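Novice: Let me give you the structure first, and then I'll get to my questions.
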Amino acid sequence: MAETHSLQDLRQAAVASKVFVQRDYTSGTICKFQTKFPAELESRIDKQQFEETIQTLNNLYAEAEKLGGRSYLEGCLACLTAYTIFLCMETHYEKVLKKIAKYIQEQNEKIYAPLGLLLTDPIERGLRVVEITIFEDRSIGSR
Amino acid sequence: MSAVMITRKVTRKWEKLPGKNTFCCDGRVMMGRQKGVFYLTLFLIVGTCSLFFAFECPYLAVHLSPAIPVFAVLLFVFVMAMLLRTSFSDPGVLPRALPEEANFIEMEIEAANGNVMAGQRPPPRIKNVQINNQIVKLKYCYTCKIFRPPRASHCSICDNCVDRFDHHCPWVGNCVGKRNYRYFYLFTLSLSLLTIYIFAFNIVHVVLRSVDSGFVNTIKETPGTVLEVLVCFFTLWSVVGLTGFHTYLISLNQTTNEDIKGSWSGKNRVQNPYSHKSIIKNCCEVLCSPTYPSVLDRRGVMLEDLSSPTPSDASAASTHQSSNPVSQTTKSSAPLIPNEHTPDEAKPGIGSGTQKSTSSPKEEKPPSPTSPNAVAPAVIKESSH
């Protein structure tokens with residue numbers, strides 16, 4: 001039976017390799033990541049699961065960057081106060097980023113860590129890539 | 001990790017950032033390298049307004065309306081707020097790729113290029129992306145080791161890739177990019193209004209006073225007027241022109257960089273794929289879209305690294321730091337194409353986020369055995385944890 005790792009165990013594990021999921025620019029400059037399943041993860045995780053994670057992330061970023069009544073209101077209000085309002089208030093984008101950080105941690109704890117993988121929040125990589133660290137699976141043997 | 005408590009100043013991430021930016025207030029303020037012209041801008045605005053408040057306002061408040069100086073104050077405060085916001089904020093700098101990411105991209109490029117004959121030039125590093133049914137070319141940045149996102153460009157003065165790069169403005173002492181473009185536009189707009197306002201009321205003041213005391217006496221009583229009129233006259237043409245130009249760019253959802261390069265103009269060129277084809281929608285997107293966060297995390301605390309020197313002053317993490325990079329070997333299986341910059345400028349320290357545990361720097365060392373980078377100068381040193 002395969003050994004499942006917890007998030008704590010992963011910190012002592014050795015890194016086998018890293019996969020970088022790039023940005024998908026086909027819809028323009030909005031933040032969106034490619035849902036293409038990387039070959040290196042084939043033996044580790046279910047394709048469906050992976051795509052679902054990325055798709056949820058994409059939806060969250062779309063929510064953050066949505067142009068709608070709320071963002072216009074926030075923009076106009078901020079302009080009227082010469083943007084000093086942002087000294088005390090969090091922007092909508094920042095609120096969604098917190099949501100995203102929480103979601104990623106949740107996914108890591110529930111799904112990815114037990115499989116020996118770790119997702120890095122894209123904000124730590126400049127919103128350029130989703131970095132997935134693949135740890136050596138000691139139970140199966142080194143790769 | 002040793003158990004000895006070492007009392008040392010906390011190192012924040014801004015101190016180790018590559019690029020030629022200047023940082024102040026412990027990373028809260030971020031500017032470009034050359035600040036002389038910015039100080040001139042400040043001096044001109046503050047100086048002219050001070051003269052206005054000193055010479056014209058008392059007379060106008062009494063003889064016309066007290067609302068005049070009040071409105072002038074509000075406008076002045078708004079102009080200063082926009083100027084400082086433009087100058088001090090992160091324009092949308094894209095952090096450089098960490099070694100693993102850079103290697104990953106290199107290997108992808110190698111795989112895509114296939115075998116290049118010795119002596120032959122490798123093909124240019126370009127990715128084609130289809131956006132809105134138009135083919136857009138993404139160029140590879142040799143300094144930052146990334147494929148630049150669409151509309152991003154590398155600023156040679158700040159030595160950073162900036163997202164939605166507009167231009168580097170010496171008057172504000174910073175790049176104008178995605179995050180501060182709207183502040184820059186509002187600055188030019190409000191400055192135009194302020195200039196017109198001061199110019200107009202100077203004329204009104206001179207006329208009113210001349211009726212009472214004569215023209216020559218008026219100039220003698222308020223010598224500041226002449227100076228103000230001169231400054232306003234010359235400023236008007238440039239600032240109002242600039243505001244008009246940027247209004248035109250915004251309505252088309254274009255950047256100055258794209259306009260200068262002629263990216264979307266000309267018969268055989270691609271049409272602008274980012275434009276919404278509606279002036280109102282374009283304006284809304286550029287001016288009222290959600291405020292994009294800074295991805296630099298300047299004030300994040302860096303993990304203590306005993307082998308690296310900690311700079312104690314608040315000046316830029318300048319390129320001289322590239323001679324002693326923070327830990328870790330850069331090993332790659334693909335030979336990096338040499339460029340004029342040291343290939344190992346990428347700072348691995350940026351990526352070590354604060355949420356990770358103390359053993360995370362170990363994660364970033366790829367254990368796969370590869371031959372050492374042929375181009376690497378002998379300045380890499382391993383961290384000992």
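Residue names in the structure tokens use chain letters A, B, ... in the order shown, residue numbers from 1 in each chain, and ligand numbers from 1 in the order shown.
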Based on only C-alpha atoms, which of the residues in chain A come within 9 Å of chain B? I want them as a PyMOL selection string.

Specialist: chain A and resi 11-20+23-29+64-68+71-76+79+81-84+91-94+123-129+131+133

Novice: So, counting only C-alpha atoms, which residue among A:Phe33, A:Thr120, A:Cys88, A:Ala78 is closest to Tyr61 of chain A?

Specialist: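 Among the listed residues, the smallest separation from Tyr61 of chain A belongs to A:Phe33.
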
Novice: DSSP says alpha helix (DSSP H) for which residues of segment 7-65 of chain A? Put them as a list in words?

Specialist: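 So the alpha helix (DSSP H) residues in segment 7-65 of chain A would be Leu7, Gln8, Asp9, Leu10, Lys47, Gln48, Gln49, Phe50, Glu51, Glu52, Thr53, Ile54, Gln55, Thr56, Leu57, Asn58, Asn59, Leu60, Tyr61, Ala62, Glu63 and Ala64 of chain A.
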
Novice: Go ahead and write the selection's residues with N, CA and C atoms as a PDB file, in the first residue's frame.

Specialist:
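File result-v3.pdb, as written:
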ATOM      1  N   LEU A   7       1.509  17.120   4.865  1.00  0.00           N
ATOM      2  CA  LEU A   7       2.242  18.334   4.509  1.00  0.00           C
ATOM      3  C   LEU A   7       3.526  18.440   5.328  1.00  0.00           C
ATOM      4  N   GLN A   8       3.486  17.950   6.584  1.00  0.00           N
ATOM      5  CA  GLN A   8       4.689  18.002   7.434  1.00  0.00           C
ATOM      6  C   GLN A   8       5.775  17.101   6.852  1.00  0.00           C
ATOM      7  N   ASP A   9       5.375  15.867   6.460  1.00  0.00           N
ATOM      8  CA  ASP A   9       6.359  14.906   5.955  1.00  0.00           C
ATOM      9  C   ASP A   9       7.066  15.440   4.732  1.00  0.00           C
ATOM     10  N   LEU A  10       6.332  16.157   3.901  1.00  0.00           N
ATOM     11  CA  LEU A  10       6.890  16.644   2.642  1.00  0.00           C
ATOM     12  C   LEU A  10       8.096  17.531   2.865  1.00  0.00           C
ATOM     13  N   LYS A  47      -5.773  13.120 -13.963  1.00  0.00           N
ATOM     14  CA  LYS A  47      -5.826  14.269 -14.879  1.00  0.00           C
ATOM     15  C   LYS A  47      -7.011  15.175 -14.570  1.00  0.00           C
ATOM     16  N   GLN A  48      -8.127  14.529 -14.277  1.00  0.00           N
ATOM     17  CA  GLN A  48      -9.361  15.265 -13.976  1.00  0.00           C
ATOM     18  C   GLN A  48      -9.168  16.189 -12.778  1.00  0.00           C
ATOM     19  N   GLN A  49      -8.542  15.638 -11.743  1.00  0.00           N
ATOM     20  CA  GLN A  49      -8.326  16.373 -10.509  1.00  0.00           C
ATOM     21  C   GLN A  49      -7.461  17.610 -10.757  1.00  0.00           C
ATOM     22  N   PHE A  50      -6.400  17.380 -11.508  1.00  0.00           N
ATOM     23  CA  PHE A  50      -5.477  18.469 -11.811  1.00  0.00           C
ATOM     24  C   PHE A  50      -6.179  19.576 -12.584  1.00  0.00           C
ATOM     25  N   GLU A  51      -6.924  19.181 -13.602  1.00  0.00           N
ATOM     26  CA  GLU A  51      -7.615  20.179 -14.425  1.00  0.00           C
ATOM     27  C   GLU A  51      -8.625  20.949 -13.604  1.00  0.00           C
ATOM     28  N   GLU A  52      -9.248  20.240 -12.691  1.00  0.00           N
ATOM     29  CA  GLU A  52     -10.244  20.914 -11.846  1.00  0.00           C
ATOM     30  C   GLU A  52      -9.581  21.975 -10.977  1.00  0.00           C
ATOM     31  N   THR A  53      -8.413  21.629 -10.429  1.00  0.00           N
ATOM     32  CA  THR A  53      -7.695  22.598  -9.588  1.00  0.00           C
ATOM     33  C   THR A  53      -7.343  23.839 -10.390  1.00  0.00           C
ATOM     34  N   ILE A  54      -6.756  23.626 -11.570  1.00  0.00           N
ATOM     35  CA  ILE A  54      -6.336  24.774 -12.383  1.00  0.00           C
ATOM     36  C   ILE A  54      -7.542  25.595 -12.818  1.00  0.00           C
ATOM     37  N   GLN A  55      -8.613  24.880 -13.180  1.00  0.00           N
ATOM     38  CA  GLN A  55      -9.809  25.605 -13.634  1.00  0.00           C
ATOM     39  C   GLN A  55     -10.381  26.463 -12.506  1.00  0.00           C
ATOM     40  N   THR A  56     -10.400  25.915 -11.289  1.00  0.00           N
ATOM     41  CA  THR A  56     -10.884  26.701 -10.139  1.00  0.00           C
ATOM     42  C   THR A  56     -10.009  27.922  -9.926  1.00  0.00           C
ATOM     43  N   LEU A  57      -8.707  27.738 -10.038  1.00  0.00           N
ATOM     44  CA  LEU A  57      -7.791  28.876  -9.899  1.00  0.00           C
ATOM     45  C   LEU A  57      -8.086  29.930 -10.955  1.00  0.00           C
ATOM     46  N   ASN A  58      -8.276  29.467 -12.199  1.00  0.00           N
ATOM     47  CA  ASN A  58      -8.579  30.405 -13.283  1.00  0.00           C
ATOM     48  C   ASN A  58      -9.865  31.169 -13.003  1.00  0.00           C
ATOM     49  N   ASN A  59     -10.855  30.467 -12.484  1.00  0.00           N
ATOM     50  CA  ASN A  59     -12.120  31.135 -12.168  1.00  0.00           C
ATOM     51  C   ASN A  59     -11.941  32.174 -11.079  1.00  0.00           C
ATOM     52  N   LEU A  60     -11.129  31.846 -10.101  1.00  0.00           N
ATOM     53  CA  LEU A  60     -10.889  32.798  -9.011  1.00  0.00           C
ATOM     54  C   LEU A  60     -10.169  34.043  -9.526  1.00  0.00           C
ATOM     55  N   TYR A  61      -9.168  33.846 -10.382  1.00  0.00           N
ATOM     56  CA  TYR A  61      -8.461  35.002 -10.936  1.00  0.00           C
ATOM     57  C   TYR A  61      -9.388  35.830 -11.816  1.00  0.00           C
ATOM     58  N   ALA A  62     -10.279  35.142 -12.555  1.00  0.00           N
ATOM     59  CA  ALA A  62     -11.238  35.869 -13.386  1.00  0.00           C
ATOM     60  C   ALA A  62     -12.144  36.722 -12.523  1.00  0.00           C
ATOM     61  N   GLU A  63     -12.518  36.179 -11.376  1.00  0.00           N
ATOM     62  CA  GLU A  63     -13.353  36.932 -10.435  1.00  0.00           C
ATOM     63  C   GLU A  63     -12.613  38.175  -9.944  1.00  0.00           C
ATOM     64  N   ALA A  64     -11.327  38.009  -9.692  1.00  0.00           N
ATOM     65  CA  ALA A  64     -10.529  39.139  -9.200  1.00  0.00           C
ATOM     66  C   ALA A  64     -10.426  40.240 -10.243  1.00  0.00           C
TER      67      ALA A  64
END

Novice: Just give me the gap between atom CA of Val240 of chain B and atom CA of Leu194 of chain B in Å, one decimal is fine.

Specialist: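 Calculated distance between atom CA of Val240 of chain B and atom CA of Leu194 of chain B is 10.7 Å.
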
Novice: Could you pull out all residues of segment 131-228 of chain B with a DSSP call of strand (DSSP E) and give them as a list in words?

Specialist: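 Selecting the strand (DSSP E) positions of segment 131-228 of chain B gives Ile131, Gln134, Ile135, Val136, Lys137, Leu138, Lys139, Tyr140, Cys141, Ile146, Phe147, Ser153, His154, Cys155, Asn160, Cys161, Val162, His167, His168, Cys169, Asn174, Cys175 and Val176 of chain B.
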
Novice: Tell me which protein, DNA and RNA residues are within 8 Å of Phe199 of chain B, counting only C-alpha atoms, leaving out same-chain ones fewer than 5 positions away, and put them as a ChimeraX atom specification.

Specialist: /B:228-229,232-233

Novice: Export C-alpha atoms of the chosen residues as a PDB file, in the first residue's frame?

Specialist:
ATOM      1  CA  GLU B 228       4.099  81.888 -12.641  1.00  0.00           C
ATOM      2  CA  VAL B 229       2.880  82.980 -16.029  1.00  0.00           C
ATOM      3  CA  CYS B 232       2.496  77.917 -16.743  1.00  0.00           C
ATOM      4  CA  PHE B 233       2.832  79.004 -20.332  1.00  0.00           C
TER       5      PHE B 233
END

Novice: Separation of atom CA of Leu83 of chain B and atom CA of Thr188 of chain B, in Å?

Specialist: 8.7 Å

Novice: Hey, what's within 12 Å of Lys102 of chain A if we count only C-alpha atoms and toss same-chain stuff fewer than 5 positions away? As a PyMOL selection string, please?

Specialist: chain A and resi 57+60+95-97+107-109+119-121

Novice: Write the residues of the selection above to a file with N, CA and C atoms, as a PDB file, in the first residue's frame.

Specialist:
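Ended up saving to out31.pdb:
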ATOM      1  N   LEU A  57      -8.707  27.738 -10.038  1.00  0.00           N
ATOM      2  CA  LEU A  57      -7.791  28.876  -9.899  1.00  0.00           C
ATOM      3  C   LEU A  57      -8.086  29.930 -10.955  1.00  0.00           C
ATOM      4  N   LEU A  60     -11.129  31.846 -10.101  1.00  0.00           N
ATOM      5  CA  LEU A  60     -10.889  32.798  -9.011  1.00  0.00           C
ATOM      6  C   LEU A  60     -10.169  34.043  -9.526  1.00  0.00           C
ATOM      7  N   LYS A  95      -8.408  40.845  -1.818  1.00  0.00           N
ATOM      8  CA  LYS A  95      -9.314  39.944  -1.091  1.00  0.00           C
ATOM      9  C   LYS A  95      -9.377  38.590  -1.794  1.00  0.00           C
ATOM     10  N   VAL A  96      -9.463  38.631  -3.126  1.00  0.00           N
ATOM     11  CA  VAL A  96      -9.547  37.370  -3.866  1.00  0.00           C
ATOM     12  C   VAL A  96      -8.220  36.617  -3.772  1.00  0.00           C
ATOM     13  N   LEU A  97      -7.113  37.342  -3.738  1.00  0.00           N
ATOM     14  CA  LEU A  97      -5.811  36.676  -3.610  1.00  0.00           C
ATOM     15  C   LEU A  97      -5.728  35.891  -2.305  1.00  0.00           C
ATOM     16  N   GLN A 107      -6.001  22.630  -1.008  1.00  0.00           N
ATOM     17  CA  GLN A 107      -5.738  21.608  -2.026  1.00  0.00           C
ATOM     18  C   GLN A 107      -4.474  20.838  -1.697  1.00  0.00           C
ATOM     19  N   ASN A 108      -3.461  21.568  -1.230  1.00  0.00           N
ATOM     20  CA  ASN A 108      -2.205  20.911  -0.873  1.00  0.00           C
ATOM     21  C   ASN A 108      -2.422  19.913   0.251  1.00  0.00           C
ATOM     22  N   GLU A 109      -3.168  20.357   1.269  1.00  0.00           N
ATOM     23  CA  GLU A 109      -3.357  19.483   2.424  1.00  0.00           C
ATOM     24  C   GLU A 109      -4.188  18.257   2.077  1.00  0.00           C
ATOM     25  N   LEU A 119       1.820  22.377  -4.485  1.00  0.00           N
ATOM     26  CA  LEU A 119       1.529  23.522  -5.359  1.00  0.00           C
ATOM     27  C   LEU A 119       2.088  24.785  -4.729  1.00  0.00           C
ATOM     28  N   THR A 120       2.705  25.621  -5.541  1.00  0.00           N
ATOM     29  CA  THR A 120       3.163  26.925  -5.051  1.00  0.00           C
ATOM     30  C   THR A 120       2.201  27.985  -5.545  1.00  0.00           C
ATOM     31  N   ASP A 121       1.802  28.883  -4.663  1.00  0.00           N
ATOM     32  CA  ASP A 121       0.902  29.967  -5.044  1.00  0.00           C
ATOM     33  C   ASP A 121       1.550  30.788  -6.169  1.00  0.00           C
TER      34      ASP A 121
END

Novice: Interatomic distance between atom CA of Lys13 of chain B and atom CA of Arg28 of chain B?

Specialist: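 Interatomic distance here is 11.4 Å.
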
Novice: Write out as a PyMOL selection string which residues come within 10 Å of Arg44 of chain A when counting only C-alpha atoms, dropping same-chain ones fewer than 6 positions away.

Specialist: chain A and resi 112+115-117+134+137

Novice: Would you save the residues from that selection as a PDB file, in the first residue's frame, using all heavy atoms?

Specialist:
ATOM      1  N   TYR A 112      -2.858  17.127  -2.736  1.00  0.00           N
ATOM      2  CA  TYR A 112      -1.537  17.043  -3.348  1.00  0.00           C
ATOM      3  C   TYR A 112      -0.463  16.494  -2.432  1.00  0.00           C
ATOM      4  O   TYR A 112       0.393  15.722  -2.870  1.00  0.00           O
ATOM      5  CB  TYR A 112      -1.137  18.422  -3.908  1.00  0.00           C
ATOM      6  CG  TYR A 112      -1.933  18.779  -5.134  1.00  0.00           C
ATOM      7  CD1 TYR A 112      -3.191  19.359  -5.033  1.00  0.00           C
ATOM      8  CD2 TYR A 112      -1.455  18.473  -6.408  1.00  0.00           C
ATOM      9  CE1 TYR A 112      -3.948  19.644  -6.151  1.00  0.00           C
ATOM     10  CE2 TYR A 112      -2.194  18.762  -7.537  1.00  0.00           C
ATOM     11  CZ  TYR A 112      -3.442  19.339  -7.398  1.00  0.00           C
ATOM     12  OH  TYR A 112      -4.193  19.612  -8.518  1.00  0.00           O
ATOM     13  N   LEU A 115      -0.103  12.808  -2.211  1.00  0.00           N
ATOM     14  CA  LEU A 115       0.438  12.205  -3.423  1.00  0.00           C
ATOM     15  C   LEU A 115       1.900  12.586  -3.641  1.00  0.00           C
ATOM     16  O   LEU A 115       2.492  12.237  -4.658  1.00  0.00           O
ATOM     17  CB  LEU A 115      -0.383  12.655  -4.638  1.00  0.00           C
ATOM     18  CG  LEU A 115      -1.846  12.227  -4.624  1.00  0.00           C
ATOM     19  CD1 LEU A 115      -2.621  12.953  -5.715  1.00  0.00           C
ATOM     20  CD2 LEU A 115      -1.963  10.729  -4.821  1.00  0.00           C
ATOM     21  N   GLY A 116       2.488  13.329  -2.690  1.00  0.00           N
ATOM     22  CA  GLY A 116       3.885  13.722  -2.823  1.00  0.00           C
ATOM     23  C   GLY A 116       4.105  14.893  -3.750  1.00  0.00           C
ATOM     24  O   GLY A 116       5.133  15.015  -4.404  1.00  0.00           O
ATOM     25  N   LEU A 117       3.084  15.775  -3.830  1.00  0.00           N
ATOM     26  CA  LEU A 117       3.215  16.957  -4.683  1.00  0.00           C
ATOM     27  C   LEU A 117       2.957  18.198  -3.850  1.00  0.00           C
ATOM     28  O   LEU A 117       2.325  18.134  -2.807  1.00  0.00           O
ATOM     29  CB  LEU A 117       2.182  16.904  -5.818  1.00  0.00           C
ATOM     30  CG  LEU A 117       2.259  15.732  -6.779  1.00  0.00           C
ATOM     31  CD1 LEU A 117       1.027  15.719  -7.681  1.00  0.00           C
ATOM     32  CD2 LEU A 117       3.506  15.816  -7.630  1.00  0.00           C
ATOM     33  N   ILE A 134       7.557  18.094  -7.303  1.00  0.00           N
ATOM     34  CA  ILE A 134       7.341  16.648  -7.206  1.00  0.00           C
ATOM     35  C   ILE A 134       8.385  16.089  -6.257  1.00  0.00           C
ATOM     36  O   ILE A 134       9.584  16.226  -6.501  1.00  0.00           O
ATOM     37  CB  ILE A 134       7.475  15.976  -8.585  1.00  0.00           C
ATOM     38  CG1 ILE A 134       6.495  16.624  -9.591  1.00  0.00           C
ATOM     39  CG2 ILE A 134       7.200  14.485  -8.481  1.00  0.00           C
ATOM     40  CD1 ILE A 134       6.671  16.151 -10.999  1.00  0.00           C
ATOM     41  N   ASP A 137       9.109   9.774  -4.021  1.00  0.00           N
ATOM     42  CA  ASP A 137       8.184   8.910  -3.311  1.00  0.00           C
ATOM     43  C   ASP A 137       8.977   7.761  -2.716  1.00  0.00           C
ATOM     44  O   ASP A 137       9.346   6.806  -3.394  1.00  0.00           O
ATOM     45  CB  ASP A 137       7.136   8.384  -4.293  1.00  0.00           C
ATOM     46  CG  ASP A 137       5.850   8.018  -3.575  1.00  0.00           C
ATOM     47  OD1 ASP A 137       5.873   7.971  -2.332  1.00  0.00           O
ATOM     48  OD2 ASP A 137       4.845   7.785  -4.253  1.00  0.00           O
TER      49      ASP A 137
END

Novice: Which residues are close to Pro38 of chain A, i.e. within 9 Å by only C-alpha atoms, leaving aside same-chain residues fewer than 2 positions away? Reply as a list in words.

Specialist: Val19, Phe20, Val21, Thr35, Lys36, Glu40, Leu41 and Glu42 of chain A

Novice: Can those selected residues be exported to a file as a JSON list (two decimals), in the first residue's frame so that it contains N, CA, C and O atoms?

Specialist:
[["chain", "number", "residue", "atom", "x", "y", "z"],
["A", 19, "VAL", "N", 7.61, 21.03, -11.96],
["A", 19, "VAL", "CA", 6.90, 21.26, -13.21],
["A", 19, "VAL", "C", 6.33, 22.67, -13.15],
["A", 19, "VAL", "O", 5.87, 23.11, -12.10],
["A", 20, "PHE", "N", 6.37, 23.36, -14.27],
["A", 20, "PHE", "CA", 5.85, 24.73, -14.29],
["A", 20, "PHE", "C", 4.70, 24.81, -15.28],
["A", 20, "PHE", "O", 4.87, 24.61, -16.47],
["A", 21, "VAL", "N", 3.52, 25.14, -14.76],
["A", 21, "VAL", "CA", 2.35, 25.31, -15.61],
["A", 21, "VAL", "C", 2.31, 26.76, -16.06],
["A", 21, "VAL", "O", 2.20, 27.67, -15.23],
["A", 35, "THR", "N", -4.54, 24.56, -18.85],
["A", 35, "THR", "CA", -5.08, 23.39, -18.18],
["A", 35, "THR", "C", -4.49, 22.11, -18.76],
["A", 35, "THR", "O", -4.89, 21.02, -18.37],
["A", 36, "LYS", "N", -3.54, 22.25, -19.67],
["A", 36, "LYS", "CA", -2.92, 21.07, -20.28],
["A", 36, "LYS", "C", -2.21, 20.26, -19.21],
["A", 36, "LYS", "O", -1.44, 20.79, -18.42],
["A", 40, "GLU", "N", 4.82, 14.88, -16.74],
["A", 40, "GLU", "CA", 5.54, 14.42, -15.54],
["A", 40, "GLU", "C", 4.59, 14.03, -14.41],
["A", 40, "GLU", "O", 4.98, 13.31, -13.49],
["A", 41, "LEU", "N", 3.37, 14.52, -14.46],
["A", 41, "LEU", "CA", 2.44, 14.25, -13.36],
["A", 41, "LEU", "C", 1.56, 13.04, -13.63],
["A", 41, "LEU", "O", 0.75, 12.65, -12.80],
["A", 42, "GLU", "N", 1.76, 12.43, -14.82],
["A", 42, "GLU", "CA", 0.85, 11.35, -15.23],
["A", 42, "GLU", "C", 0.78, 10.22, -14.22],
["A", 42, "GLU", "O", -0.29, 9.66, -13.96]]
